[in-house]
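Reading through the structure tokens given below for one structure.
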Protein chains: 2
Amino acid sequence: MKDFSTSTNCPVRNVLDRLSDKWTTLVVLVLGEHEKMRFNELHKAIGDISEKMLTVSLRKLEADGLIARQVFPVIPPKVEYQLTDLGRNFLPLIDSISNWAYQNMEEIMNNRQQYQAS
Amino acid sequence: MKDFSTSTNCPVRNVLDRLSDKWTTLVVLVLGEHEKMRFNELHKAIGDISEKMLTVSLRKLEADGLIARQVFPVIPPKVEYQLTDLGRNFLPLIDSISNWAYQNMEEIMNNRQQYQAS
DNA sequence: TTTTTATACTTACTTTTGGTAAGTCAAAGA
DNA sequence: TCTTTGACTTACCAAAAGTAAGTATAAAAA
């Protein structure tokens, strides 16, 4: 049994906090479907993420080693992102969460309505 | 292939956003180890969550039907929380994320240090 | 030749969310 | 009568995220 009781000093919690983040998981999900993607592609694919937050999310994932960032020294700039081995290794986990959400969303939506009504 | 491009109108995204939240996942994780827990037990088990955020997280999970809240009409108050079937059904997914984080945290920490240094 | 366009970001500013600490309620015990 | 207990609220402040405009540079278009 692991220790969740300690905050920033616990590496597991630290990793977990970063990966259980709205945008981060989404970036991994869409990157999981495309092999290589450029910044604007990701931006369009996710749709409602701001450029700022996309940048932040990408940097965090890069720092953690889940994605690789390749810069082409051209103008206008070209940058490609792709999952690393570590990222690809993580993908199925978050993919299964996405699937679970898909399969259970109806029930969850119903539950929410019940809850509202009471 | 699912559509992630639309924001609040997409139920999958909606569910996903809520479940890929720092505190929410943690609450499910600790509830997964204890069967029934009272408010203050959860608070101590998680450690660095504020009472406010614990309340918010519990309400959201309750609304979505992942946990059940049982109030005992006594003074001082007594409230017990436990995973519902839906919650228990979700638990293994997040458990495996937690395990993945545990197994890969060393590599991730190393990656982060490399990144900082560059 | 000046203007526009393309791409991947920054930056300044505002809004929303989260954290902190103190307060509430009602009864039982000191 | 004052304190304690447990599950919250609430008011206030800090941090994070959203918004919109700006930056850099060269090639292509006007």
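Each chain in the structure tokens gets a letter, A, B and so on, in the order shown; residues start at 1 in every chain, and ligands are counted from 1 in the order they appear.
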DA6 (chain C): which residues within 12 Å, counting only C-alpha atoms (C1' of nucleotides), same-chain residues fewer than 2 positions away excluded, as an mmCIF file with N, CA and C atoms (P, O5', C5', C4', C3', O3' and C1' of nucleotides), in the first residue's frame?
```
data_model
loop_
_atom_site.group_PDB
_atom_site.id
_atom_site.type_symbol
_atom_site.label_atom_id
_atom_site.label_comp_id
_atom_site.auth_asym_id
_atom_site.auth_seq_id
_atom_site.Cartn_x
_atom_site.Cartn_y
_atom_site.Cartn_z
ATOM 1 N N ASN A 40 -0.020 23.668 -34.298
ATOM 2 C CA ASN A 40 -1.355 24.097 -34.718
ATOM 3 C C ASN A 40 -2.314 22.937 -34.971
ATOM 4 N N VAL A 74 13.330 26.468 -39.667
ATOM 5 C CA VAL A 74 12.829 27.086 -40.890
ATOM 6 C C VAL A 74 11.911 28.246 -40.534
ATOM 7 N N ILE A 75 11.612 29.025 -41.542
ATOM 8 C CA ILE A 75 10.677 30.114 -41.335
ATOM 9 C C ILE A 75 9.616 30.088 -42.407
ATOM 10 N N PRO A 76 8.350 30.109 -41.999
ATOM 11 C CA PRO A 76 7.835 30.106 -40.623
ATOM 12 C C PRO A 76 8.197 28.824 -39.880
ATOM 13 N N PRO A 77 8.265 28.901 -38.568
ATOM 14 C CA PRO A 77 8.742 27.771 -37.760
ATOM 15 C C PRO A 77 7.927 26.494 -37.940
ATOM 16 N N LYS A 78 8.606 25.389 -37.735
ATOM 17 C CA LYS A 78 7.950 24.084 -37.800
ATOM 18 C C LYS A 78 8.425 23.257 -36.619
ATOM 19 P P DT C 4 -1.242 44.866 -45.747
ATOM 20 O "O5'" DT C 4 -1.146 43.296 -45.962
ATOM 21 C "C5'" DT C 4 -1.283 42.773 -47.281
ATOM 22 C "C4'" DT C 4 -0.984 41.282 -47.283
ATOM 23 C "C3'" DT C 4 -1.584 40.512 -46.103
ATOM 24 O "O3'" DT C 4 -2.304 39.424 -46.648
ATOM 25 C "C1'" DT C 4 0.720 40.004 -46.345
ATOM 26 P P DA C 8 3.722 25.089 -36.243
ATOM 27 O "O5'" DA C 8 4.352 25.800 -34.966
ATOM 28 C "C5'" DA C 8 5.756 26.030 -34.933
ATOM 29 C "C4'" DA C 8 6.095 26.944 -33.775
ATOM 30 C "C3'" DA C 8 5.492 26.495 -32.433
ATOM 31 O "O3'" DA C 8 6.476 26.644 -31.416
ATOM 32 C "C1'" DA C 8 4.930 28.711 -32.852
ATOM 33 P P DA D 24 10.573 41.269 -32.076
ATOM 34 O "O5'" DA D 24 11.266 40.048 -32.800
ATOM 35 C "C5'" DA D 24 11.340 38.758 -32.180
ATOM 36 C "C4'" DA D 24 11.425 37.704 -33.270
ATOM 37 C "C3'" DA D 24 12.095 38.214 -34.552
ATOM 38 O "O3'" DA D 24 13.254 37.439 -34.817
ATOM 39 C "C1'" DA D 24 10.024 37.100 -35.032
ATOM 40 P P DT D 25 14.437 38.040 -35.773
ATOM 41 O "O5'" DT D 25 14.065 37.376 -37.158
ATOM 42 C "C5'" DT D 25 13.956 35.956 -37.254
ATOM 43 C "C4'" DT D 25 13.366 35.594 -38.597
ATOM 44 C "C3'" DT D 25 13.868 36.477 -39.735
ATOM 45 O "O3'" DT D 25 14.396 35.620 -40.737
ATOM 46 C "C1'" DT D 25 11.530 36.238 -39.818
ATOM 47 P P DA D 26 15.526 36.124 -41.790
ATOM 48 O "O5'" DA D 26 14.874 35.488 -43.089
ATOM 49 C "C5'" DA D 26 14.631 34.081 -43.126
ATOM 50 C "C4'" DA D 26 13.435 33.826 -44.017
ATOM 51 C "C3'" DA D 26 13.590 34.373 -45.439
ATOM 52 O "O3'" DA D 26 13.222 33.366 -46.359
ATOM 53 C "C1'" DA D 26 11.570 35.098 -44.510
ATOM 54 P P DA D 27 13.870 33.332 -47.856
ATOM 55 O "O5'" DA D 27 12.736 32.555 -48.642
ATOM 56 C "C5'" DA D 27 11.857 31.645 -47.951
ATOM 57 C "C4'" DA D 27 10.416 31.922 -48.350
ATOM 58 C "C3'" DA D 27 10.238 32.256 -49.831
ATOM 59 O "O3'" DA D 27 9.146 31.501 -50.326
ATOM 60 C "C1'" DA D 27 9.208 33.908 -48.507
ATOM 61 P P DA D 28 8.877 31.307 -51.869
ATOM 62 O "O5'" DA D 28 7.435 31.963 -52.015
ATOM 63 C "C5'" DA D 28 6.383 31.561 -51.139
ATOM 64 C "C4'" DA D 28 5.244 32.571 -51.204
ATOM 65 C "C3'" DA D 28 4.837 32.957 -52.627
ATOM 66 O "O3'" DA D 28 3.420 32.935 -52.711
ATOM 67 C "C1'" DA D 28 5.329 34.910 -51.386
#
```
Note to self: Can you pull out every residue from chain A that DSSP, working from the backbone, puts in helix (DSSP H, G or I), and format the result as a PyMOL selection string?
What the structure shows: chain A and resi 11-19+22-31+39-46+51-64+85-117
Item checked: DT11 (chain C) environment, 12 Å, only C-alpha atoms (C1' of nucleotides), sequence neighbours closer than 5 positions dropped, as a PyMOL selection string -> (chain A and resi 52) or (chain D and resi 19-23)
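Summary of the local environment: counting only C-alpha atoms (C1' of nucleotides), residues at most 12 Å from DT15 (chain C), other than itself and those fewer than 5 positions away along its chain, are DA16, DA17, DG18 and DT19 of chain D.
CA of Leu91 (chain A) is found 24.5 Å from CA of Leu61 (chain B).
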Checklist line | 10 Å contact set for DT24 (chain C), only C-alpha atoms (C1' of nucleotides), chain neighbours under 4 positions out, as a ChimeraX atom specification | finding: /D:8-10
